[in-house]
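Structure data (compact mmCIF, C-alpha atoms and all ligand atoms) from model_34.txt:
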# COMPACT_ATOMS: atom_id res chain seq x y z
CA MET R 1 84.87 104.65 43.00
CA ASN R 2 86.45 101.80 45.00
CA SER R 3 85.25 98.21 45.14
CA LEU R 4 83.86 96.85 48.42
CA ASP R 5 87.05 94.85 48.93
CA GLU R 6 89.18 97.97 48.55
CA TYR R 7 87.15 99.76 51.24
CA ARG R 8 87.47 96.69 53.48
CA ILE R 9 91.25 96.39 52.97
CA GLU R 10 91.89 100.09 53.72
CA LEU R 11 89.72 99.91 56.81
CA THR R 12 91.26 96.71 58.16
CA GLN R 13 94.79 98.04 57.62
CA LYS R 14 93.98 101.20 59.54
CA LEU R 15 92.25 99.26 62.29
CA THR R 16 95.31 97.05 62.82
CA GLU R 17 97.63 100.07 62.85
CA THR R 18 95.51 102.07 65.26
CA ILE R 19 94.40 99.49 67.79
CA VAL R 20 97.54 98.13 69.38
CA VAL R 21 97.83 96.11 72.54
CA LYS R 22 99.50 98.12 75.29
CA GLU R 23 99.54 97.97 79.06
CA PRO R 24 97.39 96.84 80.71
CA ASP R 25 97.05 94.01 78.22
CA GLN R 26 94.06 92.56 80.09
CA LEU R 27 92.22 95.71 78.92
CA TYR R 28 93.57 96.08 75.38
CA GLY R 29 94.08 92.38 74.51
CA PRO R 30 90.34 91.64 74.30
CA ILE R 31 89.82 94.73 72.10
CA SER R 32 92.43 93.59 69.65
CA TYR R 33 91.02 90.02 69.87
CA ILE R 34 87.42 90.88 68.97
CA LEU R 35 88.57 93.13 66.12
CA SER R 36 90.86 90.39 64.80
CA LEU R 37 87.88 88.05 64.45
CA GLY R 38 86.92 89.98 61.34
CA GLY R 39 83.26 90.23 60.54
CA LYS R 40 81.84 91.77 57.43
CA ARG R 41 82.86 95.36 58.33
CA LEU R 42 79.56 96.40 56.80
CA ARG R 43 79.06 99.62 58.79
CA PRO R 44 82.49 101.25 58.36
CA ILE R 45 82.53 100.29 54.69
CA LEU R 46 79.26 102.18 54.34
CA THR R 47 80.79 105.24 56.03
CA LEU R 48 83.74 105.23 53.62
CA MET R 49 81.58 104.50 50.60
CA THR R 50 79.12 107.29 51.39
CA CYS R 51 81.89 109.83 51.85
CA ASP R 52 83.46 108.69 48.57
CA PHE R 53 80.09 108.87 46.78
CA PHE R 54 79.54 112.44 47.94
CA GLY R 55 82.79 113.36 46.27
CA THR R 56 85.23 113.52 49.20
CA ASP R 57 88.40 111.46 49.68
CA LEU R 58 87.42 108.48 51.80
CA LYS R 59 90.53 108.96 53.95
CA LYS R 60 88.74 111.90 55.55
CA ALA R 61 86.02 109.50 56.76
CA MET R 62 88.45 106.88 58.09
CA ASN R 63 88.30 107.97 61.73
CA ALA R 64 84.50 108.10 61.68
CA ALA R 65 84.47 104.61 60.10
CA LEU R 66 86.84 103.32 62.80
CA ALA R 67 84.58 104.81 65.48
CA VAL R 68 81.57 103.02 64.01
CA GLU R 69 83.36 99.65 63.87
CA LEU R 70 84.69 100.02 67.42
CA PHE R 71 81.23 100.89 68.68
CA HIS R 72 79.70 97.91 66.84
CA ASN R 73 82.28 95.52 68.31
CA PHE R 74 81.85 97.00 71.79
CA SER R 75 78.11 96.36 71.55
CA LEU R 76 78.78 92.77 70.44
CA ILE R 77 80.96 92.11 73.53
CA HIS R 78 78.25 93.43 75.86
CA ASP R 79 75.47 91.70 73.92
CA ASP R 80 77.32 88.38 74.22
CA ILE R 81 77.61 88.92 77.97
CA MET R 82 73.89 89.65 78.26
CA ASP R 83 73.04 86.58 76.13
CA ASN R 84 75.64 84.41 77.84
CA ALA R 85 76.81 83.48 74.33
CA PRO R 86 79.79 81.12 74.04
CA LEU R 87 80.74 81.96 70.44
CA ARG R 88 81.10 85.06 68.30
CA ARG R 89 82.17 84.84 64.66
CA GLY R 90 82.83 81.15 65.26
CA LYS R 91 85.34 81.84 68.07
CA GLU R 92 85.18 82.15 71.85
CA THR R 93 83.41 85.28 73.08
CA VAL R 94 85.48 87.76 75.11
CA HIS R 95 83.80 86.93 78.44
CA GLU R 96 84.41 83.19 77.82
CA LYS R 97 88.06 83.62 76.82
CA TRP R 98 88.75 86.06 79.66
CA ASP R 99 85.95 86.69 82.15
CA LEU R 100 82.86 88.80 82.70
CA ASN R 101 84.54 91.84 84.25
CA THR R 102 87.15 91.91 81.48
CA GLY R 103 84.36 91.89 78.89
CA ILE R 104 82.58 94.76 80.64
CA LEU R 105 85.67 96.95 81.03
CA SER R 106 87.21 96.29 77.61
CA GLY R 107 83.81 97.02 76.09
CA ASP R 108 83.59 100.30 78.02
CA ALA R 109 87.09 101.27 76.85
CA MET R 110 86.05 100.60 73.23
CA LEU R 111 83.12 102.98 73.56
CA ILE R 112 85.47 105.73 74.80
CA LEU R 113 88.01 104.95 72.06
CA ALA R 114 85.21 105.24 69.53
CA TYR R 115 84.38 108.75 70.78
CA GLN R 116 88.05 109.69 70.70
CA PHE R 117 88.18 109.04 66.96
CA PHE R 118 85.89 112.02 66.43
CA GLU R 119 88.40 114.37 68.06
CA SER R 120 90.39 114.56 64.82
CA TYR R 121 87.56 116.46 63.10
CA GLU R 122 87.18 120.22 62.99
CA PRO R 123 84.64 121.63 65.52
CA LEU R 124 81.53 121.75 63.31
CA LEU R 125 82.04 118.25 61.97
CA PHE R 126 82.94 117.02 65.45
CA ARG R 127 79.70 118.43 66.81
CA ASP R 128 77.55 116.83 64.10
CA LEU R 129 79.30 113.46 64.34
CA ALA R 130 79.26 113.30 68.14
CA LYS R 131 75.61 114.39 68.27
CA LEU R 132 74.54 111.70 65.81
CA PHE R 133 76.68 109.11 67.57
CA SER R 134 75.19 109.83 71.02
CA LYS R 135 71.64 109.80 69.72
CA THR R 136 72.30 106.51 67.92
CA ALA R 137 74.01 104.85 70.90
CA LEU R 138 71.04 105.70 73.12
CA GLN R 139 68.63 104.24 70.56
CA VAL R 140 70.76 101.06 70.40
CA CYS R 141 70.40 100.79 74.20
CA GLU R 142 66.65 101.28 73.88
CA GLY R 143 66.49 98.58 71.17
CA GLN R 144 68.47 96.24 73.39
CA GLN R 145 66.11 96.87 76.31
CA TYR R 146 63.05 96.19 74.12
CA ASP R 147 64.70 92.95 73.03
CA VAL R 148 65.26 91.95 76.66
CA ASP R 149 61.69 92.93 77.57
CA PHE R 150 60.29 90.83 74.70
CA GLU R 151 61.80 87.66 76.21
CA THR R 152 59.23 87.71 78.99
CA ARG R 153 56.29 89.11 77.05
CA ASP R 154 53.81 87.00 75.11
CA ASP R 155 51.96 89.89 73.48
CA VAL R 156 54.73 91.34 71.28
CA THR R 157 53.32 92.75 68.04
CA LEU R 158 54.97 92.77 64.61
CA SER R 159 55.27 96.54 64.66
CA GLU R 160 56.93 96.43 68.08
CA TYR R 161 59.36 93.87 66.70
CA ILE R 162 60.21 96.09 63.72
CA LYS R 163 60.77 99.02 66.08
CA MET R 164 63.08 96.88 68.21
CA ILE R 165 65.28 95.82 65.25
CA ASP R 166 65.17 99.36 63.90
CA TYR R 167 66.69 100.63 67.14
CA LYS R 168 68.95 97.70 67.92
CA THR R 169 70.41 97.28 64.43
CA ALA R 170 69.17 99.67 61.75
CA VAL R 171 69.84 103.09 63.30
CA LEU R 172 73.58 102.34 63.44
CA ILE R 173 73.63 101.42 59.76
CA GLY R 174 71.79 104.65 58.94
CA ALA R 175 74.16 106.62 61.17
CA ALA R 176 77.23 104.97 59.61
CA MET R 177 76.12 106.26 56.22
CA LYS R 178 75.12 109.68 57.51
CA MET R 179 78.57 110.07 59.07
CA GLY R 180 80.10 109.59 55.62
CA ALA R 181 77.78 112.31 54.33
CA ILE R 182 78.62 114.64 57.24
CA VAL R 183 82.36 114.26 56.65
CA ALA R 184 81.79 114.94 52.94
CA GLU R 185 79.85 118.06 53.98
CA ALA R 186 76.84 116.97 51.93
CA SER R 187 73.65 119.06 52.24
CA GLU R 188 71.29 118.49 55.20
CA GLU R 189 68.78 116.97 52.77
CA CYS R 190 71.33 114.50 51.40
CA ARG R 191 72.48 113.58 54.92
CA ASP R 192 68.89 112.87 55.98
CA ASN R 193 68.05 110.90 52.86
CA ILE R 194 71.13 108.69 53.06
CA TYR R 195 70.27 108.09 56.73
CA VAL R 196 66.76 106.92 55.80
CA PHE R 197 68.25 104.75 53.04
CA GLY R 198 70.63 103.09 55.53
CA ARG R 199 67.97 102.67 58.18
CA ASN R 200 65.56 100.88 55.81
CA LEU R 201 68.41 98.74 54.55
CA GLY R 202 69.29 97.96 58.18
CA ILE R 203 65.78 96.66 58.86
CA ALA R 204 65.98 94.48 55.72
CA PHE R 205 69.44 93.32 56.87
CA GLN R 206 68.20 92.21 60.31
CA LEU R 207 65.12 90.49 58.85
CA GLN R 208 67.43 88.63 56.48
CA ASP R 209 69.54 87.64 59.49
CA ASP R 210 66.43 86.23 61.19
CA TYR R 211 65.50 84.37 58.01
CA LEU R 212 69.00 82.92 57.57
CA ASP R 213 69.11 81.92 61.23
CA ALA R 214 66.25 79.50 60.48
CA PHE R 215 66.68 78.70 56.80
CA GLY R 216 70.30 79.54 55.94
CA ASN R 217 72.84 76.97 54.90
CA PRO R 218 75.14 76.56 57.95
CA GLU R 219 78.16 76.20 55.65
CA ASN R 220 77.57 79.63 54.11
CA PHE R 221 76.03 81.35 57.12
CA GLY R 222 79.01 80.53 59.36
CA LYS R 223 76.91 79.43 62.31
CA GLN R 224 74.56 76.63 63.15
CA THR R 225 71.05 77.41 62.00
CA GLY R 226 68.12 77.30 64.42
CA GLY R 227 69.80 79.41 67.12
CA ASP R 228 66.82 81.77 67.43
CA ILE R 229 64.42 78.80 67.62
CA LEU R 230 66.59 77.17 70.29
CA SER R 231 66.56 80.33 72.38
CA ASN R 232 62.80 80.78 71.82
CA LYS R 233 63.35 84.19 70.24
CA LYS R 234 60.22 85.99 69.08
CA THR R 235 61.39 87.00 65.63
CA PHE R 236 59.38 88.24 62.67
CA LEU R 237 59.08 84.60 61.53
CA TYR R 238 57.65 83.48 64.87
CA LEU R 239 55.27 86.43 65.30
CA THR R 240 53.96 86.09 61.73
CA ALA R 241 53.53 82.34 62.10
CA LEU R 242 51.50 82.89 65.28
CA GLU R 243 49.35 85.48 63.57
CA ASN R 244 48.71 83.32 60.47
CA SER R 245 48.19 79.94 62.13
CA SER R 246 45.06 78.08 63.12
CA GLN R 247 44.42 78.06 66.87
CA GLU R 248 45.71 74.49 67.08
CA GLN R 249 48.95 75.27 65.24
CA ALA R 250 49.46 78.49 67.20
CA GLU R 251 49.12 76.54 70.46
CA GLU R 252 51.67 74.01 69.23
CA LEU R 253 54.10 76.81 68.34
CA VAL R 254 53.67 78.48 71.73
CA HIS R 255 54.26 75.13 73.39
CA LEU R 256 57.38 74.46 71.30
CA PHE R 257 58.70 77.89 72.33
CA SER R 258 58.17 77.05 76.00
CA VAL R 259 60.33 73.91 76.09
CA SER R 260 64.06 73.31 75.81
CA PRO R 261 64.56 69.63 74.93
CA LYS R 262 67.97 67.98 75.37
CA ASP R 263 68.02 67.02 71.69
CA PRO R 264 66.55 70.07 69.97
CA SER R 265 66.66 68.80 66.36
CA ASP R 266 62.98 67.70 66.27
CA LYS R 267 61.88 71.01 67.77
CA ILE R 268 63.87 72.99 65.19
CA GLU R 269 62.51 70.93 62.29
CA ARG R 270 58.88 71.20 63.46
CA VAL R 271 59.12 74.97 64.06
CA LYS R 272 60.64 75.44 60.60
CA GLN R 273 57.75 73.41 59.12
CA ILE R 274 55.25 75.69 60.85
CA PHE R 275 57.16 78.76 59.60
CA GLU R 276 56.77 77.36 56.07
CA THR R 277 53.18 76.12 56.19
CA SER R 278 51.87 79.23 57.94
CA GLY R 279 53.38 81.39 55.19
CA ALA R 280 55.67 83.13 57.72
CA SER R 281 58.85 82.38 55.76
CA GLU R 282 57.32 83.82 52.58
CA ALA R 283 55.99 86.86 54.50
CA THR R 284 59.47 87.49 55.92
CA LYS R 285 60.98 87.45 52.43
CA GLU R 286 58.29 89.90 51.31
CA GLU R 287 59.06 92.17 54.27
CA ILE R 288 62.77 92.11 53.35
CA THR R 289 61.84 93.12 49.80
CA LYS R 290 59.54 95.86 51.14
CA TYR R 291 62.27 97.50 53.21
CA THR R 292 64.83 97.15 50.42
CA HIS R 293 62.41 98.90 48.06
CA LEU R 294 61.73 101.61 50.64
CA ALA R 295 65.48 102.17 50.79
CA ASN R 296 65.78 102.29 47.01
CA ASP R 297 62.90 104.80 46.75
CA VAL R 298 64.80 107.27 48.96
CA LEU R 299 67.88 106.85 46.79
CA GLU R 300 66.07 108.52 43.92
CA LYS R 301 65.96 111.75 45.95
CA ILE R 302 69.72 111.85 46.53
CA ASP R 303 71.77 114.07 44.33
CA ILE R 304 74.68 111.81 43.32
CA PRO R 305 75.84 110.56 39.91
CA GLU R 306 73.69 107.77 38.47
CA GLU R 307 76.53 105.19 38.56
CA LYS R 308 76.88 105.75 42.32
CA ARG R 309 73.16 105.48 42.87
CA ASP R 310 73.32 102.18 40.95
CA ALA R 311 76.18 100.99 43.14
CA LEU R 312 74.17 101.74 46.31
CA ARG R 313 71.11 100.06 44.81
CA SER R 314 73.06 96.90 43.98
CA PHE R 315 74.65 96.97 47.41
CA GLY R 316 71.14 96.97 48.94
CA ASN R 317 69.98 94.24 46.60
CA SER R 318 73.02 92.10 47.40
CA LEU R 319 72.27 92.41 51.13
CA MET R 320 68.72 91.24 50.42
CA ALA R 321 70.05 88.22 48.53
CA ARG R 322 72.90 87.43 50.91
CA THR R 323 73.41 83.93 52.28
CA VAL R 324 76.08 84.87 54.85
C1 LIG H 401 75.00 101.49 73.18
C2 LIG H 401 75.87 102.09 75.47
C3 LIG H 401 75.38 101.08 74.54
C4 LIG H 401 75.31 99.77 74.96
C5 LIG H 401 75.06 98.61 74.06
C6 LIG H 401 74.61 95.44 74.19
C7 LIG H 401 73.87 96.59 73.61
C8 LIG H 401 73.82 97.85 74.39
C9 LIG H 401 73.29 96.52 72.40
C10 LIG H 401 73.33 95.34 71.51
C11 LIG H 401 73.44 95.79 70.07
C12 LIG H 401 73.63 94.63 69.14
C13 LIG H 401 74.72 93.66 69.44
C14 LIG H 401 72.86 94.51 68.06
C15 LIG H 401 72.99 93.40 67.06
C16 LIG H 401 73.46 93.98 65.77
C17 LIG H 401 73.85 92.93 64.76
C18 LIG H 401 72.92 92.69 63.63
C19 LIG H 401 75.00 92.28 64.87
C20 LIG H 401 75.57 91.41 63.82
O1 LIG H 401 76.09 92.28 62.84
P1 LIG H 401 76.96 91.75 61.61
O2 LIG H 401 76.25 90.61 60.95
O3 LIG H 401 78.24 91.20 62.36
O4 LIG H 401 77.30 92.92 60.75
P2 LIG H 401 79.76 91.12 61.88
O5 LIG H 401 80.32 89.96 62.65
O6 LIG H 401 79.77 90.89 60.39
O7 LIG H 401 80.40 92.42 62.27

Go through the file and emit its structure as structure tokens.
Ligand code: GRG
Amino acid sequence: MNSLDEYRIELTQKLTETIVVKEPDQLYGPISYILSLGGKRLRPILTLMTCDFFGTDLKKAMNAALAVELFHNFSLIHDDIMDNAPLRRGKETVHEKWDLNTGILSGDAMLILAYQFFESYEPLLFRDLAKLFSKTALQVCEGQQYDVDFETRDDVTLSEYIKMIDYKTAVLIGAAMKMGAIVAEASEECRDNIYVFGRNLGIAFQLQDDYLDAFGNPENFGKQTGGDILSNKKTFLYLTALENSSQEQAEELVHLFSVSPKDPSDKIERVKQIFETSGASEATKEEITKYTHLANDVLEKIDIPEEKRDALRSFGNSLMARTV
């Protein structure tokens, strides 16, 4: 069993070897750029780890892991375009460094490159991997569309929000793990259970992201906190605060989320106060714990050695406790 760092090192080495800048460099340069910005490499590590845990050499899962990381980075480029975001991983976004069309086309090329990585697998594995990948990519699009729709809706419910983050974020984490299980030729039941584990963990992961966006320490988190508040994003924190507040406080919150002051520091501080006093911050932590426990419950059904189950459990718990 490898350590997380070992999975990350193997993956990053392979990524650098495989993705080289060639002509036209306006197409491949941005791909190499976004991948060089690092990131946690959470999804491909999970693919390698799952394959390893089901008893197969992780090298066999490398191409599936690379596909997952390419897809993730492609979706970040296009997401940044849609959000008009200036920074990604603390550096200029692709469309800022180059331009919009470059971001669109390099992103498209990454999606195709991701699919190409599956071509190295034998037909049955190829079929299962490509099928899962297509289904997941479509769900990610649906999640993204829900997210866009929510910007102009004022009646978003908590369950709709959970469905949105499930599709936009969690399904890919579930699929990343299931791909490891597919490559390891684990039973259907194991594949499905590890998928549910990853999906629940993915929901906890996104809720933790929302929480850290408001309450994280900017030095650890790597970005300025309050970004979601600044962009008036209807996160779990916001929706819970609205639900739990008095009419007066709810009206204040709605008002705060309708203005964009030049100096936003007072707005951010006041919204965070309301998140605290309404119990929304506590409720979000409880929701993170709920989804982490749901993930851990499924683990019990998976037929792997106890030490590996423990490793997955502590991985889930460390995500729940993460500050970055
Ligand atoms: C699927 C065809 C197709 C199009 C994509 C743009 C889009 C449609 C979807 C957006 C998907 C998206 C960007 C979801 C956010 C996922 C997320 C939590 C990103 C941050 O993940 P981390 O924290 O990032 O793992 P690092 O930087 O560590 O890799």

Taking a cut-off of 12 Å and counting all atoms listed in the file, can you build a table that, for each residue of range 130-202 of chain R near range 241-247 of chain R, reports the nearest atom pair and how far apart they are in Å (one decimal), sorted by chain then residue number, as JSON lines?
{"residue": "R:Asp154", "atom": "CA", "partner": "R:Leu242", "partner_atom": "CA", "distance": 10.9}
{"residue": "R:Asp155", "atom": "CA", "partner": "R:Leu242", "partner_atom": "CA", "distance": 10.8}
{"residue": "R:Val156", "atom": "CA", "partner": "R:Leu242", "partner_atom": "CA", "distance": 10.9}
{"residue": "R:Thr157", "atom": "CA", "partner": "R:Glu243", "partner_atom": "CA", "distance": 9.4}
{"residue": "R:Leu158", "atom": "CA", "partner": "R:Glu243", "partner_atom": "CA", "distance": 9.3}

Could you dump the residues just selected with C-alpha atoms as an mmCIF file, in the coordinates of the input?
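To be explicit, this is the file written out as selection.cif:
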data_model
loop_
_atom_site.group_PDB
_atom_site.id
_atom_site.type_symbol
_atom_site.label_atom_id
_atom_site.label_comp_id
_atom_site.auth_asym_id
_atom_site.auth_seq_id
_atom_site.Cartn_x
_atom_site.Cartn_y
_atom_site.Cartn_z
ATOM 1 C CA ASP R 154 53.810 87.000 75.110
ATOM 2 C CA ASP R 155 51.960 89.890 73.480
ATOM 3 C CA VAL R 156 54.730 91.340 71.280
ATOM 4 C CA THR R 157 53.320 92.750 68.040
ATOM 5 C CA LEU R 158 54.970 92.770 64.610
#

**Message:** Using only C-alpha atoms and all ligand atoms, which residues have at least one atom no more than 6 Å from ligand LIG 401 (chain H)? Output them as a list of chain:residue names.
**Reply:**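 Listed by chain and ascending number, the contacts are R:Gly39, R:Lys40, R:Arg41, R:Leu42, R:Ser75, R:Leu76, R:His78, R:Asp79, R:Arg89, R:Ala137, R:Leu138, R:Val140, R:Cys141, R:Gln144, R:Lys168, R:Thr169, R:Gln206.
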
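The residue that comes closest to Phe215 in chain R, out of R:Asn232, R:Asn2, R:Asn101, R:Thr323 and on the basis of only C-alpha atoms, is R:Thr323.
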
**Fill in**
Restricting to all atoms listed in the file, whichever of R:Arg153, R:Lys290, R:Lys97, R:Lys60 is closest to Ser120 in chain R is R:Lys60

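A straight line drawn from CA of Lys91 in chain R to CA of Gly38 in chain R is 10.7 Å long.
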
**Item:** Spatial neighbours of Phe257 in chain R, 9 Å, all atoms listed in the file, chain gap at least 4 places, as a PyMOL selection string
**Value:** chain R and resi 229-234+252-253+267+271

**Asked** Nearest to Phe236 in chain R among R:Ala65, R:Ile162, R:Leu11, R:Leu100, with distances taken over all atoms listed in the file: which residue is it?
**Response**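 The closest residue to Phe236 in chain R is R:Ile162.
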
At a cut-off of 10 Å, can you tabulate as a tab-separated table every residue of range 115-193 of chain R near range 55-59 of chain R together with its closest atom pair and the distance in Å to one decimal, using only C-alpha atoms and ordering rows by chain then number?
residue	atom	partner	partner_atom	distance
R:Gly180	CA	R:Leu58	CA	8.3
R:Ala181	CA	R:Thr56	CA	9.1
R:Val183	CA	R:Thr56	CA	8.0
R:Ala184	CA	R:Thr56	CA	5.3
R:Glu185	CA	R:Thr56	CA	8.5
R:Ala186	CA	R:Gly55	CA	9.0

**Request:** Please identify all polymer residues within 9 Å of Leu113 in chain R, counting only C-alpha atoms, omitting same-chain residues fewer than 5 positions from it, and present them as a PyMOL selection string.
**Result:** chain R and resi 67+70-71+108

**From R:Tyr7, R:Tyr167, R:Tyr115, R:Phe126, residue lying nearest Cys51 in chain R [all atoms listed in the file]** = R:Tyr7

Give me the residues of range 184-252 of chain R that have any atom at most 7 Å from an atom of range 292-302 of chain R; for each, the nearest atom pair and the distance in Å, rounded to one decimal. Use all atoms listed in the file, sort by chain and number, and format it as a Markdown table.
| residue | atom | partner | partner_atom | distance |
| --- | --- | --- | --- | --- |
| R:Cys190 | CA | R:Ile302 | CA | 5.8 |
| R:Asn193 | CA | R:Val298 | CA | 6.2 |
| R:Phe197 | CA | R:Ala295 | CA | 4.4 |
| R:Asn200 | CA | R:Ala295 | CA | 5.2 |
| R:Leu201 | CA | R:Thr292 | CA | 5.7 |
| R:Ala204 | CA | R:Thr292 | CA | 6.0 |

**Asked** Taking into account all atoms listed in the file, which residue in the set R:Arg270, R:Ala214, R:Val68, R:Asp209 is nearest to Val171 in chain R?
**Response**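 Nearest candidate to Val171 in chain R out of R:Arg270, R:Ala214, R:Val68, R:Asp209: R:Val68.
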
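The nearest approach to Asn63 in chain R among the residues R:Phe315, R:Phe117, R:Tyr291, R:Tyr161, with all atoms listed in the file taken into account, belongs to R:Phe117.
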
**Request:** Go ahead and compute the interatomic distance for CA of Met320 in chain R and CA of Gly202 in chain R, in Å to one decimal.
**Result:** 10.3 Å

So which residues are close to (83.0, 95.3, 83.1), meaning at most 12 Å away in the file's coordinates with only C-alpha atoms counted, and can you show them as a PDB file with C-alpha atoms, keeping the file's coordinate frame?
ATOM      1  CA  GLN R  26      94.060  92.560  80.090  1.00  0.00           C
ATOM      2  CA  LEU R  27      92.220  95.710  78.920  1.00  0.00           C
ATOM      3  CA  PHE R  74      81.850  97.000  71.790  1.00  0.00           C
ATOM      4  CA  ILE R  77      80.960  92.110  73.530  1.00  0.00           C
ATOM      5  CA  HIS R  78      78.250  93.430  75.860  1.00  0.00           C
ATOM      6  CA  ILE R  81      77.610  88.920  77.970  1.00  0.00           C
ATOM      7  CA  MET R  82      73.890  89.650  78.260  1.00  0.00           C
ATOM      8  CA  VAL R  94      85.480  87.760  75.110  1.00  0.00           C
ATOM      9  CA  HIS R  95      83.800  86.930  78.440  1.00  0.00           C
ATOM     10  CA  TRP R  98      88.750  86.060  79.660  1.00  0.00           C
ATOM     11  CA  ASP R  99      85.950  86.690  82.150  1.00  0.00           C
ATOM     12  CA  LEU R 100      82.860  88.800  82.700  1.00  0.00           C
ATOM     13  CA  ASN R 101      84.540  91.840  84.250  1.00  0.00           C
ATOM     14  CA  THR R 102      87.150  91.910  81.480  1.00  0.00           C
ATOM     15  CA  GLY R 103      84.360  91.890  78.890  1.00  0.00           C
ATOM     16  CA  ILE R 104      82.580  94.760  80.640  1.00  0.00           C
ATOM     17  CA  LEU R 105      85.670  96.950  81.030  1.00  0.00           C
ATOM     18  CA  SER R 106      87.210  96.290  77.610  1.00  0.00           C
ATOM     19  CA  GLY R 107      83.810  97.020  76.090  1.00  0.00           C
ATOM     20  CA  ASP R 108      83.590 100.300  78.020  1.00  0.00           C
ATOM     21  CA  ALA R 109      87.090 101.270  76.850  1.00  0.00           C
ATOM     22  CA  MET R 110      86.050 100.600  73.230  1.00  0.00           C
TER      23      MET R 110
END

**Request:** Find the residues around Ile19 in chain R up to 9 Å (only C-alpha atoms counted), leave out those fewer than 5 positions away in its own chain, and share them as number ranges by chain.
**Result:** R: 14, 28, 31-32, 35

**Request:** Can you work out the spacing between CA of Ala250 in chain R and CA of Glu276 in chain R in Å, to one decimal?
**Result:**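 Between CA of Ala250 in chain R and CA of Glu276 in chain R the gap works out to 13.4 Å.
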
Might I get the box with edges along x, y and z of the file that holds all atoms of range 100-119 of chain R listed there, padded by 6 Å on every side, given as centre and edge lengths in Å to one decimal, as JSON?
{"center_x": 85.5, "center_y": 101.6, "center_z": 75.3, "size_x": 17.8, "size_y": 37.6, "size_z": 29.8}

Report as an mmCIF file with C-alpha atoms, in the frame of the given file all protein, DNA and RNA residues lying within 12 Å of Ala321 in chain R, evaluated on all atoms listed in the file, omitting residues in the same chain fewer than 5 positions from it.
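Result file follows (around11.cif):
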data_model
loop_
_atom_site.group_PDB
_atom_site.id
_atom_site.type_symbol
_atom_site.label_atom_id
_atom_site.label_comp_id
_atom_site.auth_asym_id
_atom_site.auth_seq_id
_atom_site.Cartn_x
_atom_site.Cartn_y
_atom_site.Cartn_z
ATOM 1 C CA ALA R 204 65.980 94.480 55.720
ATOM 2 C CA PHE R 205 69.440 93.320 56.870
ATOM 3 C CA LEU R 207 65.120 90.490 58.850
ATOM 4 C CA GLN R 208 67.430 88.630 56.480
ATOM 5 C CA ASP R 209 69.540 87.640 59.490
ATOM 6 C CA TYR R 211 65.500 84.370 58.010
ATOM 7 C CA LEU R 212 69.000 82.920 57.570
ATOM 8 C CA GLY R 216 70.300 79.540 55.940
ATOM 9 C CA LYS R 285 60.980 87.450 52.430
ATOM 10 C CA ILE R 288 62.770 92.110 53.350
ATOM 11 C CA THR R 289 61.840 93.120 49.800
ATOM 12 C CA THR R 292 64.830 97.150 50.420
ATOM 13 C CA SER R 314 73.060 96.900 43.980
ATOM 14 C CA PHE R 315 74.650 96.970 47.410
ATOM 15 C CA GLY R 316 71.140 96.970 48.940
#
